[in-house]
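> Dropping a structure here in structure tokens format, bear with me for questions.
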Amino acid sequence: MKQQTKLSEEQQQKQHAAEQQTQQQSPREFANAEEMLRYDAAHTAVPPAIAQRLQKSTGDLPGPKKPWWKRLFGGANR
Amino acid sequence: MNEPAAGCEFVEKSPPDLACSEFSSLYTEHSRAIYYLALRFLGDPQKAEDATHDVFLKAFRKLDQFRGEASVRTWLYRIAINHCQNLRQAWHDRHVFSNADDAVWENAAARTDSPLRVLEIKELVQRIQKTLDGLSDEYRLLLLLVADEEMSYEQVGALVGQTPDAVRGKLHRARKTFAALFEKTA
């Protein structure tokens, strides 16, 4: 019986924590515009179609001639 | 790796070609920021998708011209801002307006979110877009760039042609305007 009570308490604590987390994630409380935009950006997924289209588009092109990291690091790192 | 092969593999596993591997990493790291800027600046998911594709294609072609004087993120933002401003100017000249409907905004909410949360996020997203649409191009761009935590005031200033102090001053006014307009969208 005690074990059941403890389990129940743990469940309640978990539920409470989950509710708190949900409240903290509420999209309605933002300190300023940037914070709201950051939240919005974090919830914005990049459509996978872009990567697929890019793969096709770059398929017809030669690769970059001189990658920037070669100029930056002299190609020593790679 | 002496001769980069044609094309790039934009998939999860790194391709064997180094140039493509680096470009693929660049896409993975910066595509969300560029897509988000295009989305909120243009106000149309389909056009933002096209713009993001075009921006990264330009970056792929101009990779050899990147001098490393700015961060990669700043360089990509510059390409994206020019591209989006040109698009908006072209629409303005042709009197074209965004025709994004409700359905396309639903992508904003994750599939795991509850129906109530999906509605909340959808409503918030629509209000944010409406508010941004009501701002001047200058304020809209400023807020979107400052919202990117990877961007310093100096970097934002360089992109919008302002000093860091001017960015701070304008940001204050942009925030106030955004807040006032946002209230009206309720």
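Naming scheme: A, B, ... for chains in displayed order of the structure tokens; residues 1 onward per chain; ligands 1 onward as shown.
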Taking 4 positions as the minimum chain separation for residues in the same chain, which residues sit within 10 Å of Glu35 in chain A when counting only C-alpha atoms? Answer as a PDB file with N, CA and C atoms, in the first residue's frame.


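See part_17.pdb below for the written result:
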```pdb
ATOM      1  N   GLU A  29       4.146  34.277 -23.399  1.00  0.00           N
ATOM      2  CA  GLU A  29       4.900  35.154 -22.507  1.00  0.00           C
ATOM      3  C   GLU A  29       6.295  35.403 -23.060  1.00  0.00           C
ATOM      4  N   PHE A  30       6.490  36.608 -23.543  1.00  0.00           N
ATOM      5  CA  PHE A  30       7.786  36.952 -24.121  1.00  0.00           C
ATOM      6  C   PHE A  30       8.200  38.332 -23.617  1.00  0.00           C
ATOM      7  N   ALA A  31       9.489  38.463 -23.344  1.00  0.00           N
ATOM      8  CA  ALA A  31       9.990  39.731 -22.816  1.00  0.00           C
ATOM      9  C   ALA A  31      10.024  40.809 -23.893  1.00  0.00           C
ATOM     10  N   TYR A  39      11.493  32.154 -30.503  1.00  0.00           N
ATOM     11  CA  TYR A  39      10.567  31.048 -30.250  1.00  0.00           C
ATOM     12  C   TYR A  39       9.961  30.584 -31.579  1.00  0.00           C
ATOM     13  N   ASP A  40       9.564  31.541 -32.367  1.00  0.00           N
ATOM     14  CA  ASP A  40       8.967  31.250 -33.669  1.00  0.00           C
ATOM     15  C   ASP A  40       9.971  30.510 -34.564  1.00  0.00           C
ATOM     16  N   ALA A  41      11.210  31.006 -34.565  1.00  0.00           N
ATOM     17  CA  ALA A  41      12.247  30.375 -35.403  1.00  0.00           C
ATOM     18  C   ALA A  41      12.509  28.938 -34.955  1.00  0.00           C
TER      19      ALA A  41
ATOM     20  N   LEU B 143      14.885  43.475 -36.559  1.00  0.00           N
ATOM     21  CA  LEU B 143      14.401  42.555 -35.520  1.00  0.00           C
ATOM     22  C   LEU B 143      14.748  41.110 -35.856  1.00  0.00           C
ATOM     23  N   VAL B 146      18.559  40.693 -35.243  1.00  0.00           N
ATOM     24  CA  VAL B 146      18.930  40.753 -33.822  1.00  0.00           C
ATOM     25  C   VAL B 146      18.394  39.523 -33.079  1.00  0.00           C
ATOM     26  N   ALA B 147      17.286  38.990 -33.548  1.00  0.00           N
ATOM     27  CA  ALA B 147      16.716  37.796 -32.902  1.00  0.00           C
ATOM     28  C   ALA B 147      17.638  36.589 -33.043  1.00  0.00           C
ATOM     29  N   ASP B 148      18.528  36.621 -34.026  1.00  0.00           N
ATOM     30  CA  ASP B 148      19.492  35.535 -34.194  1.00  0.00           C
ATOM     31  C   ASP B 148      20.606  35.725 -33.165  1.00  0.00           C
ATOM     32  N   GLU B 149      20.656  34.835 -32.207  1.00  0.00           N
ATOM     33  CA  GLU B 149      21.610  34.991 -31.102  1.00  0.00           C
ATOM     34  C   GLU B 149      23.071  34.873 -31.547  1.00  0.00           C
TER      35      GLU B 149
END
```

> Within 10 Å of range 42-58 of chain B, counting only C-alpha atoms, which residues show up once you throw out same-chain ones fewer than 5 positions away? Write them as an MDAnalysis selection string, please.

(chainID A and resid 46:55 57:58 61) or (chainID B and resid 23 26:27 30:37 63 76:85 87:88 97:101 104:105 107 126 129:130 132:133)

> Can you work out which one of B:Gln89, B:Tyr153, B:Thr74, B:Glu183 has the shortest atom-to-atom distance to Ala166 in chain B, counting only C-alpha atoms?

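Comparing B:Gln89, B:Tyr153, B:Thr74, B:Glu183 against Ala166 in chain B, the winner is B:Tyr153.
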
> For each of B:Arg61, B:Phe182, B:Phe41, B:Leu142, take the minimum atom-to-atom distance to Cys20 in chain B, counting only C-alpha atoms, then give the residue where this is smallest.

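Of B:Arg61, B:Phe182, B:Phe41, B:Leu142, the one nearest Cys20 in chain B, counting only C-alpha atoms, is B:Arg61.
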
> CA of Arg40 in chain B and CA of Gly134 in chain B, how far apart in Å?

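Straight-line distance from CA of Gly134 in chain B to CA of Arg40 in chain B works out to 11.7 Å.
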
> Can you tell me which residues surround Thr185 in chain B at a distance of at most 8 Å, considering only C-alpha atoms, apart from same-chain residues fewer than 4 positions away, and format the answer as a PDB file with N, CA and C atoms, in the first residue's frame?


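Saved file selection_25.pdb follows:
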```
ATOM      1  N   ARG B 127      -0.034  35.920 -36.097  1.00  0.00           N
ATOM      2  CA  ARG B 127       0.055  37.264 -35.515  1.00  0.00           C
ATOM      3  C   ARG B 127       1.452  37.857 -35.721  1.00  0.00           C
ATOM      4  N   LYS B 130       1.722  38.902 -39.335  1.00  0.00           N
ATOM      5  CA  LYS B 130       0.923  40.102 -39.569  1.00  0.00           C
ATOM      6  C   LYS B 130       1.625  41.343 -39.007  1.00  0.00           C
ATOM      7  N   THR B 131       2.202  41.165 -37.818  1.00  0.00           N
ATOM      8  CA  THR B 131       2.917  42.277 -37.185  1.00  0.00           C
ATOM      9  C   THR B 131       4.136  42.667 -38.010  1.00  0.00           C
ATOM     10  N   LEU B 181       1.939  47.030 -32.619  1.00  0.00           N
ATOM     11  CA  LEU B 181       1.242  46.367 -33.734  1.00  0.00           C
ATOM     12  C   LEU B 181       0.755  44.977 -33.332  1.00  0.00           C
TER      13      LEU B 181
END
```

> When DSSP is applied to the backbone of this structure, which of range 21-168 of chain B are assigned helix (DSSP H, G or I)? Write them out as a PyMOL selection string.

chain B and resi 21-42+45-61+63-65+72-94+102-108+115-134+137-146+153-160+164-168

> Go ahead and dump the residues you just picked, C-alpha atoms, as an mmCIF file, in the first residue's frame.


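result.cif was written with the following content:
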```
data_model
loop_
_atom_site.group_PDB
_atom_site.id
_atom_site.type_symbol
_atom_site.label_atom_id
_atom_site.label_comp_id
_atom_site.auth_asym_id
_atom_site.auth_seq_id
_atom_site.Cartn_x
_atom_site.Cartn_y
_atom_site.Cartn_z
ATOM 1 C CA SER B 21 30.866 17.711 -47.311
ATOM 2 C CA GLU B 22 31.766 21.222 -46.152
ATOM 3 C CA PHE B 23 28.937 22.747 -48.134
ATOM 4 C CA SER B 24 26.556 20.172 -46.773
ATOM 5 C CA SER B 25 27.662 21.107 -43.242
ATOM 6 C CA LEU B 26 27.216 24.771 -44.074
ATOM 7 C CA TYR B 27 23.669 24.048 -45.213
ATOM 8 C CA THR B 28 22.894 22.002 -42.125
ATOM 9 C CA GLU B 29 24.220 24.711 -39.821
ATOM 10 C CA HIS B 30 22.684 27.775 -41.440
ATOM 11 C CA SER B 31 19.619 26.694 -43.419
ATOM 12 C CA ARG B 32 17.178 27.271 -40.563
ATOM 13 C CA ALA B 33 18.382 30.851 -40.031
ATOM 14 C CA ILE B 34 18.264 31.659 -43.737
ATOM 15 C CA TYR B 35 14.898 29.999 -44.279
ATOM 16 C CA TYR B 36 13.414 31.768 -41.254
ATOM 17 C CA LEU B 37 14.664 35.159 -42.438
ATOM 18 C CA ALA B 38 13.239 34.544 -45.914
ATOM 19 C CA LEU B 39 9.966 33.233 -44.484
ATOM 20 C CA ARG B 40 9.286 36.189 -42.242
ATOM 21 C CA PHE B 41 10.719 38.774 -44.601
ATOM 22 C CA LEU B 42 8.726 37.548 -47.604
ATOM 23 C CA PRO B 45 6.420 29.766 -47.153
ATOM 24 C CA GLN B 46 6.579 28.719 -50.807
ATOM 25 C CA LYS B 47 8.476 31.836 -51.826
ATOM 26 C CA ALA B 48 10.731 31.432 -48.782
ATOM 27 C CA GLU B 49 11.504 27.886 -49.901
ATOM 28 C CA ASP B 50 12.418 29.108 -53.380
ATOM 29 C CA ALA B 51 14.485 31.947 -51.943
ATOM 30 C CA THR B 52 16.396 29.667 -49.564
ATOM 31 C CA HIS B 53 17.192 27.309 -52.413
ATOM 32 C CA ASP B 54 18.409 30.221 -54.545
ATOM 33 C CA VAL B 55 20.497 31.695 -51.717
ATOM 34 C CA PHE B 56 22.349 28.435 -51.084
ATOM 35 C CA LEU B 57 22.799 27.851 -54.783
ATOM 36 C CA LYS B 58 24.383 31.294 -55.064
ATOM 37 C CA ALA B 59 26.542 30.496 -52.054
ATOM 38 C CA PHE B 60 27.632 27.232 -53.680
ATOM 39 C CA ARG B 61 28.626 29.086 -56.840
ATOM 40 C CA LEU B 63 32.056 29.810 -52.294
ATOM 41 C CA ASP B 64 35.441 30.586 -53.814
ATOM 42 C CA GLN B 65 34.697 34.322 -53.450
ATOM 43 C CA VAL B 72 29.744 32.494 -42.850
ATOM 44 C CA ARG B 73 26.372 33.314 -41.266
ATOM 45 C CA THR B 74 26.842 37.028 -42.064
ATOM 46 C CA TRP B 75 27.908 36.222 -45.614
ATOM 47 C CA LEU B 76 24.845 34.041 -46.173
ATOM 48 C CA TYR B 77 22.586 36.671 -44.600
ATOM 49 C CA ARG B 78 23.968 39.271 -47.003
ATOM 50 C CA ILE B 79 23.137 37.074 -49.988
ATOM 51 C CA ALA B 80 19.683 36.336 -48.527
ATOM 52 C CA ILE B 81 18.871 39.978 -47.747
ATOM 53 C CA ASN B 82 19.844 41.118 -51.250
ATOM 54 C CA HIS B 83 17.851 38.289 -52.791
ATOM 55 C CA CYS B 84 14.728 38.908 -50.688
ATOM 56 C CA GLN B 85 14.858 42.672 -51.181
ATOM 57 C CA ASN B 86 15.150 42.182 -54.943
ATOM 58 C CA LEU B 87 12.163 39.820 -54.871
ATOM 59 C CA ARG B 88 10.045 42.266 -52.881
ATOM 60 C CA GLN B 89 11.003 45.095 -55.205
ATOM 61 C CA ALA B 90 10.062 42.967 -58.210
ATOM 62 C CA TRP B 91 6.682 42.095 -56.638
ATOM 63 C CA HIS B 92 6.110 45.721 -55.795
ATOM 64 C CA ASP B 93 6.853 46.732 -59.376
ATOM 65 C CA ARG B 94 4.503 44.044 -60.701
ATOM 66 C CA ASP B 102 -3.838 29.078 -43.723
ATOM 67 C CA ALA B 103 -2.743 25.545 -44.577
ATOM 68 C CA VAL B 104 0.883 26.451 -45.163
ATOM 69 C CA TRP B 105 1.228 28.019 -41.710
ATOM 70 C CA GLU B 106 0.291 24.786 -40.001
ATOM 71 C CA ASN B 107 3.802 23.488 -40.573
ATOM 72 C CA ALA B 108 4.944 25.729 -37.748
ATOM 73 C CA PRO B 115 -4.245 20.051 -30.966
ATOM 74 C CA LEU B 116 -4.638 22.976 -28.546
ATOM 75 C CA ARG B 117 -0.962 23.757 -28.767
ATOM 76 C CA VAL B 118 -1.027 23.480 -32.539
ATOM 77 C CA LEU B 119 -3.817 26.063 -32.580
ATOM 78 C CA GLU B 120 -1.928 28.330 -30.176
ATOM 79 C CA ILE B 121 1.242 28.192 -32.222
ATOM 80 C CA LYS B 122 -0.636 28.664 -35.483
ATOM 81 C CA GLU B 123 -2.377 31.733 -34.098
ATOM 82 C CA LEU B 124 0.890 33.113 -32.734
ATOM 83 C CA VAL B 125 2.666 32.535 -36.038
ATOM 84 C CA GLN B 126 -0.060 34.345 -37.950
ATOM 85 C CA ARG B 127 0.055 37.264 -35.515
ATOM 86 C CA ILE B 128 3.836 37.473 -35.768
ATOM 87 C CA GLN B 129 3.685 37.506 -39.560
ATOM 88 C CA LYS B 130 0.923 40.102 -39.569
ATOM 89 C CA THR B 131 2.917 42.277 -37.185
ATOM 90 C CA LEU B 132 6.108 41.948 -39.221
ATOM 91 C CA ASP B 133 4.177 42.774 -42.393
ATOM 92 C CA GLY B 134 3.081 46.012 -40.723
ATOM 93 C CA ASP B 137 11.476 46.854 -44.143
ATOM 94 C CA GLU B 138 14.185 48.378 -41.981
ATOM 95 C CA TYR B 139 12.578 47.487 -38.638
ATOM 96 C CA ARG B 140 11.511 44.030 -39.850
ATOM 97 C CA LEU B 141 15.020 43.175 -40.987
ATOM 98 C CA LEU B 142 16.587 44.608 -37.845
ATOM 99 C CA LEU B 143 14.401 42.555 -35.520
ATOM 100 C CA LEU B 144 14.891 39.364 -37.505
ATOM 101 C CA LEU B 145 18.673 39.763 -37.481
ATOM 102 C CA VAL B 146 18.930 40.753 -33.822
ATOM 103 C CA TYR B 153 25.184 44.289 -32.949
ATOM 104 C CA GLU B 154 28.354 44.915 -34.948
ATOM 105 C CA GLN B 155 27.472 42.170 -37.428
ATOM 106 C CA VAL B 156 23.867 43.325 -37.691
ATOM 107 C CA GLY B 157 25.107 46.894 -38.181
ATOM 108 C CA ALA B 158 27.386 45.774 -40.992
ATOM 109 C CA LEU B 159 24.478 44.069 -42.729
ATOM 110 C CA VAL B 160 22.070 46.988 -42.462
ATOM 111 C CA PRO B 164 26.203 49.326 -33.526
ATOM 112 C CA ASP B 165 24.895 52.333 -31.550
ATOM 113 C CA ALA B 166 22.441 53.176 -34.305
ATOM 114 C CA VAL B 167 21.315 49.541 -34.315
ATOM 115 C CA ARG B 168 20.624 49.729 -30.565
#
```
